[in-house]
$ cat final23.cif   # mmCIF, C-alpha atoms
data_work
loop_
_atom_site.label_atom_id
_atom_site.label_comp_id
_atom_site.auth_asym_id
_atom_site.auth_seq_id
_atom_site.Cartn_x
_atom_site.Cartn_y
_atom_site.Cartn_z
CA MET A 1 27.37 12.81 -12.87
CA GLN A 2 27.91 9.70 -15.01
CA ARG A 3 29.89 6.78 -13.59
CA SER A 4 31.23 3.62 -15.21
CA SER A 5 33.20 0.81 -13.64
CA ALA A 6 34.85 -2.51 -14.38
CA CYS A 7 35.83 -5.02 -11.72
CA SER A 8 36.27 -8.74 -11.36
CA SER A 9 32.48 -9.18 -11.12
CA GLY A 10 32.40 -10.55 -7.59
CA ARG A 11 34.82 -13.39 -8.20
CA GLY A 12 38.42 -13.56 -7.04
CA PHE A 13 41.42 -14.20 -9.22
CA SER A 14 45.20 -14.51 -9.20
CA HIS A 15 47.07 -13.48 -12.34
CA SER A 16 50.75 -14.49 -12.08
CA LEU A 17 53.11 -12.11 -13.86
CA THR A 18 55.43 -14.48 -15.67
CA GLY A 19 56.79 -12.34 -18.50
CA ALA A 20 60.16 -10.67 -18.87
CA ASP A 21 61.08 -7.55 -16.92
CA ARG A 22 59.10 -4.53 -18.15
CA ALA A 23 56.95 -6.58 -20.55
CA TYR A 24 53.32 -5.51 -20.00
CA GLU A 25 50.71 -8.23 -19.55
CA HIS A 26 46.99 -7.54 -19.97
CA ILE A 27 45.16 -8.37 -16.73
CA PHE A 28 42.23 -9.87 -18.61
CA GLU A 29 40.39 -10.89 -15.43
CA VAL A 30 39.40 -7.21 -15.02
CA PRO A 31 36.93 -6.47 -17.83
CA GLU A 32 37.67 -3.58 -20.13
CA LEU A 33 35.91 -0.35 -19.25
CA GLU A 34 34.14 1.16 -22.25
CA ILE A 35 33.72 4.94 -22.16
CA PRO A 36 30.03 5.60 -22.98
CA PHE A 37 30.39 9.14 -24.37
CA PRO A 38 33.18 11.62 -25.12
CA GLY A 39 34.64 14.15 -22.73
CA VAL A 40 36.97 14.53 -19.78
CA TRP A 41 36.75 11.65 -17.31
CA GLU A 42 38.24 11.14 -13.86
CA ILE A 43 39.76 7.66 -14.04
CA SER A 44 40.64 5.76 -10.90
CA TYR A 45 41.98 2.25 -10.48
CA GLY A 46 43.24 -0.04 -7.78
CA ALA A 47 45.35 -3.12 -8.34
CA ARG A 48 46.13 -5.53 -5.51
CA SER A 49 49.61 -6.84 -6.13
CA TYR A 50 51.58 -9.66 -4.54
CA VAL A 51 55.36 -9.89 -4.46
CA GLU A 52 57.57 -12.50 -2.82
CA VAL A 53 61.35 -12.48 -2.58
CA PRO A 54 63.12 -15.68 -1.44
CA ALA A 55 66.08 -15.58 0.96
CA SER A 56 68.60 -15.97 -1.85
CA ARG A 57 67.43 -12.94 -3.89
CA GLU A 58 67.21 -9.17 -3.56
CA PHE A 59 64.07 -7.52 -5.02
CA GLU A 60 60.78 -7.88 -6.85
CA TYR A 61 58.44 -5.09 -8.04
CA VAL A 62 55.04 -4.88 -9.74
CA HIS A 63 54.32 -1.98 -12.09
CA THR A 64 50.70 -1.33 -13.11
CA ALA A 65 49.20 0.98 -15.73
CA LEU A 66 46.04 1.59 -17.72
CA PHE A 67 45.86 1.37 -21.49
CA ASN A 68 43.38 3.12 -23.81
CA ASN A 69 42.66 1.18 -27.01
CA GLY A 70 45.94 -0.70 -26.58
CA ALA A 71 48.17 2.33 -25.87
CA LEU A 72 49.63 3.34 -22.51
CA LEU A 73 47.68 6.11 -20.75
CA PRO A 74 50.23 8.68 -19.53
CA ASP A 75 50.23 9.33 -15.77
CA SER A 76 48.47 6.05 -14.98
CA GLU A 77 51.50 4.08 -13.79
CA ALA A 78 51.94 2.86 -10.20
CA LEU A 79 54.71 0.77 -8.58
CA THR A 80 54.99 -1.42 -5.51
CA GLY A 81 57.51 -4.01 -4.39
CA ILE A 82 60.16 -5.27 -2.01
CA ASN A 83 63.85 -4.55 -1.82
CA GLY A 84 65.15 -7.11 0.65
CA THR A 85 65.29 -10.86 1.12
CA ASN A 86 62.93 -13.50 2.44
CA HIS A 87 59.79 -11.33 2.41
CA ALA A 88 56.32 -11.32 0.89
CA SER A 89 53.90 -8.42 0.61
CA GLN A 90 50.45 -7.57 -0.70
CA THR A 91 49.48 -3.96 -1.42
CA THR A 92 46.79 -2.16 -3.38
CA THR A 93 48.20 0.57 -5.58
CA GLY A 94 46.71 2.71 -8.30
CA GLN A 95 46.15 6.22 -9.56
CA THR A 96 43.46 8.82 -10.03
CA PHE A 97 43.80 11.23 -12.93
CA LEU A 98 41.88 13.20 -15.56
CA ALA A 99 41.96 12.24 -19.24
CA GLU A 100 40.00 13.04 -22.37
CA PHE A 101 38.31 10.14 -24.14
CA LYS A 102 36.18 9.49 -27.20
CA ALA A 103 32.98 7.47 -27.08
CA LYS A 104 33.65 3.71 -27.18
CA ASP A 105 37.29 4.03 -26.00
CA LYS A 106 38.32 0.91 -24.12
CA VAL A 107 40.38 1.18 -20.92
CA THR A 108 42.21 -1.92 -19.69
CA LEU A 109 44.52 -2.82 -16.80
CA HIS A 110 48.06 -4.01 -17.52
CA ALA A 111 51.04 -4.90 -15.32
CA TYR A 112 54.61 -6.07 -15.50
CA ARG A 113 57.24 -7.31 -13.09
CA VAL A 114 60.70 -5.96 -12.38
CA GLY A 115 62.94 -8.70 -11.05
CA GLN A 116 62.91 -12.36 -11.93
CA SER A 117 64.01 -13.72 -8.57
CA GLY A 118 60.68 -14.12 -6.80
CA ASN A 119 56.98 -14.28 -7.51
CA ALA A 120 54.72 -11.46 -8.68
CA ALA A 121 50.97 -11.37 -9.29
CA ILE A 122 47.85 -9.21 -9.51
CA LEU A 123 45.08 -10.50 -7.22
CA SER A 124 41.51 -9.73 -6.29
CA ASN A 125 38.98 -11.10 -3.86
CA GLY A 126 35.31 -11.14 -4.63
CA ASP A 127 35.09 -7.63 -3.13
CA GLY A 128 36.50 -6.04 -6.29
CA ARG A 129 39.76 -4.79 -4.80
CA THR A 130 41.25 -4.73 -8.28
CA GLN A 131 39.07 -2.47 -10.42
CA ILE A 132 38.80 0.51 -12.76
CA THR A 133 36.24 3.31 -12.35
CA ALA A 134 35.44 6.40 -14.41
CA HIS A 135 33.46 9.52 -13.54
CA TRP A 136 32.44 11.94 -16.26
CA VAL A 137 33.67 15.49 -15.52
CA SER A 138 32.94 17.66 -18.56
CA PRO A 139 32.44 17.61 -22.35
CA LYS A 140 36.04 18.93 -22.86
#

$ encode --input "final23.cif" --output "structure tokens"
Amino acid sequence: MQRSSACSSGRGFSHSLTGADRAYEHIFEVPELEIPFPGVWEISYGARSYVEVPASREFEYVHTALFNNGALLPDSEALTGINGTNHASQTTTGQTFLAEFKAKDKVTLHAYRVGQSGNAAILSNGDGRTQITAHWVSPK
């Protein structure tokens, strides 16, 4: 069984999500995962998100997804967040799914925020909590 992975290479990071609601940002701190040969792959990712909602506001969410060669990979989306006031939370969300790829396809992590009242970020410690992995399943 072939396996590929991309993680933050043993170093931590904090990528603040500062864009508009539902505007994807590339989480460039996680290196792109290049598919070495064509076929069906089991893709799995985890993204450690941080959300904070001040006392005067109502909600903040982080939506994550994987992209293949710059296009959204269907079924890869995950969502976490807070609906309430004066709270902060960190969670690791992600997905595991099967998808067909061509050799040299490039898989990248993206995220956006929903809510402009608090703070939102994608984080990772040196332990690679935010990462993408791929396991080859079959030629088609």

$ closest_residue --input "final23.cif" --among "A:Arg11, A:Lys140, A:His26, A:Arg129" --to "Thr92 (chain A)" --atoms "all atoms listed in the file"
A:Arg129

$ resolve_selection --input "final23.cif" --expression "the PyMOL selection byres ((chain A and resi 68) around 6)" --output "JSON, numbers by chain"
{"A": [67, 69, 70, 71, 106, 107]}

$ closest_residue --input "final23.cif" --among "A:His63, A:Ile27, A:Glu42, A:Pro54" --to "Arg113 (chain A)" --atoms "only C-alpha atoms"
A:His63

$ resolve_selection --input "final23.cif" --expression "the PyMOL selection byres ((chain A and resi 62) around 7)" --output "tab-separated table (two decimals) with C-alpha atoms, keeping the file's coordinate frame"
chain	number	residue	atom	x	y	z
A	49	SER	CA	49.61	-6.84	-6.13
A	61	TYR	CA	58.44	-5.09	-8.04
A	63	HIS	CA	54.32	-1.98	-12.09
A	64	THR	CA	50.70	-1.33	-13.11
A	79	LEU	CA	54.71	0.77	-8.58
A	80	THR	CA	54.99	-1.42	-5.51
A	81	GLY	CA	57.51	-4.01	-4.39
A	111	ALA	CA	51.04	-4.90	-15.32
A	112	TYR	CA	54.61	-6.07	-15.50
A	113	ARG	CA	57.24	-7.31	-13.09
A	114	VAL	CA	60.70	-5.96	-12.38
A	120	ALA	CA	54.72	-11.46	-8.68

$ atom_distance --input "final23.cif" --atom1 "CA of Gly84 (chain A)" --atom2 "CA of Asp21 (chain A)"
18.0 Å

$ atom_distance --input "final23.cif" --atom1 "CA of Phe28 (chain A)" --atom2 "CA of Ala121 (chain A)"
12.9 Å

$ closest_residue --input "final23.cif" --among "A:Gly126, A:Pro38, A:Gly115, A:Gly46" --to "Gln95 (chain A)" --atoms "only C-alpha atoms"
A:Gly46

$ atom_distance --input "final23.cif" --atom1 "CA of Thr18 (chain A)" --atom2 "CA of Ala65 (chain A)"
16.7 Å

$ resolve_selection --input "final23.cif" --expression "the PyMOL selection byres ((chain A and resi 102) around 7)" --output "PyMOL selection string"
chain A and resi 37-39+101+103-105

$ write_last_selection --input "final23.cif" --atoms "C-alpha atoms" --output "short mmCIF file (atom, residue, chain, number, x, y, z; two decimals), keeping the file's coordinate frame"
data_model
loop_
_atom_site.label_atom_id
_atom_site.label_comp_id
_atom_site.auth_asym_id
_atom_site.auth_seq_id
_atom_site.Cartn_x
_atom_site.Cartn_y
_atom_site.Cartn_z
CA PHE A 37 30.39 9.14 -24.37
CA PRO A 38 33.18 11.62 -25.12
CA GLY A 39 34.64 14.15 -22.73
CA PHE A 101 38.31 10.14 -24.14
CA ALA A 103 32.98 7.47 -27.08
CA LYS A 104 33.65 3.71 -27.18
CA ASP A 105 37.29 4.03 -26.00
#

$ closest_residue --input "final23.cif" --among "A:Leu123, A:Ala134, A:Ile43, A:Ala88" --to "Asp75 (chain A)" --atoms "only C-alpha atoms"
A:Ile43

$ residues_near_point --input "final23.cif" --point "(63.2, -7.0, -7.9)" --cutoff "7 Å" --atoms "all atoms listed in the file" --output "PDB file with C-alpha atoms, in the coordinates of the input"
ATOM      1  CA  GLU A  58      67.210  -9.170  -3.560  1.00  0.00           C
ATOM      2  CA  PHE A  59      64.070  -7.520  -5.020  1.00  0.00           C
ATOM      3  CA  GLU A  60      60.780  -7.880  -6.850  1.00  0.00           C
ATOM      4  CA  TYR A  61      58.440  -5.090  -8.040  1.00  0.00           C
ATOM      5  CA  ILE A  82      60.160  -5.270  -2.010  1.00  0.00           C
ATOM      6  CA  ASN A  83      63.850  -4.550  -1.820  1.00  0.00           C
ATOM      7  CA  VAL A 114      60.700  -5.960 -12.380  1.00  0.00           C
ATOM      8  CA  GLY A 115      62.940  -8.700 -11.050  1.00  0.00           C
ATOM      9  CA  GLN A 116      62.910 -12.360 -11.930  1.00  0.00           C
ATOM     10  CA  SER A 117      64.010 -13.720  -8.570  1.00  0.00           C
TER      11      SER A 117
END

$ residues_near_point --input "final23.cif" --point "(58.8, -10.6, 1.7)" --cutoff "6 Å" --atoms "all atoms listed in the file" --output "PyMOL selection string"
chain A and resi 52-53+86-89

$ closest_residue --input "final23.cif" --among "A:Ala99, A:Ile122, A:Val137, A:Leu66" --to "Ser14 (chain A)" --atoms "only C-alpha atoms"
A:Ile122

$ build_atoms --input "final23.cif" --residues "region 94-120 of chain A" --atoms "N, CA, C and O atoms" --output "compact mmCIF listing (two decimals), keeping the file's coordinate frame"
# COMPACT_ATOMS: atom_id res chain seq x y z
N GLY A 94 47.48 2.22 -7.17
CA GLY A 94 46.71 2.71 -8.30
C GLY A 94 46.91 4.19 -8.47
O GLY A 94 47.80 4.78 -7.86
N GLN A 95 46.08 4.79 -9.27
CA GLN A 95 46.15 6.22 -9.56
C GLN A 95 44.76 6.76 -9.78
O GLN A 95 43.83 6.03 -10.11
N THR A 96 44.65 8.07 -9.64
CA THR A 96 43.46 8.82 -10.03
C THR A 96 43.93 10.00 -10.86
O THR A 96 44.86 10.70 -10.44
N PHE A 97 43.34 10.18 -12.03
CA PHE A 97 43.80 11.23 -12.93
C PHE A 97 42.67 11.61 -13.88
O PHE A 97 41.69 10.89 -14.01
N LEU A 98 42.83 12.75 -14.55
CA LEU A 98 41.88 13.20 -15.56
C LEU A 98 42.43 12.91 -16.94
O LEU A 98 43.63 13.07 -17.19
N ALA A 99 41.55 12.50 -17.86
CA ALA A 99 41.96 12.24 -19.24
C ALA A 99 40.76 12.46 -20.15
O ALA A 99 39.61 12.27 -19.75
N GLU A 100 41.05 12.85 -21.38
CA GLU A 100 40.00 13.04 -22.37
C GLU A 100 39.85 11.76 -23.19
O GLU A 100 40.84 11.17 -23.62
N PHE A 101 38.60 11.36 -23.40
CA PHE A 101 38.31 10.14 -24.14
C PHE A 101 37.26 10.40 -25.21
O PHE A 101 36.48 11.35 -25.11
N LYS A 102 37.24 9.51 -26.20
CA LYS A 102 36.18 9.49 -27.20
C LYS A 102 35.17 8.42 -26.80
O LYS A 102 35.50 7.50 -26.04
N ALA A 103 33.97 8.51 -27.32
CA ALA A 103 32.98 7.47 -27.08
C ALA A 103 33.52 6.13 -27.59
O ALA A 103 34.17 6.06 -28.63
N LYS A 104 33.27 5.09 -26.86
CA LYS A 104 33.65 3.71 -27.18
C LYS A 104 35.13 3.40 -26.94
O LYS A 104 35.58 2.31 -27.28
N ASP A 105 35.92 4.35 -26.39
CA ASP A 105 37.29 4.03 -26.00
C ASP A 105 37.25 2.90 -24.97
O ASP A 105 36.33 2.82 -24.17
N LYS A 106 38.26 2.06 -25.01
CA LYS A 106 38.32 0.91 -24.12
C LYS A 106 39.56 0.99 -23.24
O LYS A 106 40.68 0.99 -23.72
N VAL A 107 39.32 1.05 -21.91
CA VAL A 107 40.38 1.18 -20.92
C VAL A 107 40.61 -0.18 -20.28
O VAL A 107 39.66 -0.84 -19.84
N THR A 108 41.87 -0.61 -20.24
CA THR A 108 42.21 -1.92 -19.69
C THR A 108 43.39 -1.81 -18.72
O THR A 108 44.20 -0.90 -18.81
N LEU A 109 43.45 -2.76 -17.79
CA LEU A 109 44.52 -2.82 -16.80
C LEU A 109 45.64 -3.72 -17.31
O LEU A 109 45.38 -4.82 -17.82
N HIS A 110 46.87 -3.24 -17.13
CA HIS A 110 48.06 -4.01 -17.52
C HIS A 110 49.07 -3.94 -16.39
O HIS A 110 49.03 -3.03 -15.55
N ALA A 111 50.00 -4.90 -16.35
CA ALA A 111 51.04 -4.90 -15.32
C ALA A 111 52.27 -5.62 -15.85
O ALA A 111 52.18 -6.42 -16.79
N TYR A 112 53.40 -5.30 -15.25
CA TYR A 112 54.61 -6.07 -15.50
C TYR A 112 55.40 -6.19 -14.21
O TYR A 112 55.15 -5.50 -13.23
N ARG A 113 56.36 -7.10 -14.23
CA ARG A 113 57.24 -7.31 -13.09
C ARG A 113 58.59 -6.71 -13.38
O ARG A 113 58.99 -6.57 -14.54
N VAL A 114 59.30 -6.36 -12.31
CA VAL A 114 60.70 -5.96 -12.38
C VAL A 114 61.41 -6.85 -11.38
O VAL A 114 61.15 -6.78 -10.19
N GLY A 115 62.27 -7.71 -11.89
CA GLY A 115 62.94 -8.70 -11.05
C GLY A 115 62.42 -10.08 -11.38
O GLY A 115 61.21 -10.29 -11.46
N GLN A 116 63.31 -10.99 -11.58
CA GLN A 116 62.91 -12.36 -11.93
C GLN A 116 63.26 -13.35 -10.83
O GLN A 116 63.25 -14.54 -11.04
N SER A 117 63.54 -12.84 -9.64
CA SER A 117 64.01 -13.72 -8.57
C SER A 117 62.90 -14.31 -7.72
O SER A 117 63.06 -15.35 -7.12
N GLY A 118 61.76 -13.65 -7.66
CA GLY A 118 60.68 -14.12 -6.80
C GLY A 118 59.41 -14.34 -7.57
O GLY A 118 59.42 -14.66 -8.76
N ASN A 119 58.30 -14.13 -6.90
CA ASN A 119 56.98 -14.28 -7.51
C ASN A 119 56.28 -12.93 -7.52
O ASN A 119 56.45 -12.13 -6.60
N ALA A 120 55.48 -12.70 -8.56
CA ALA A 120 54.72 -11.46 -8.68
C ALA A 120 53.36 -11.79 -9.29
O ALA A 120 53.27 -12.63 -10.18
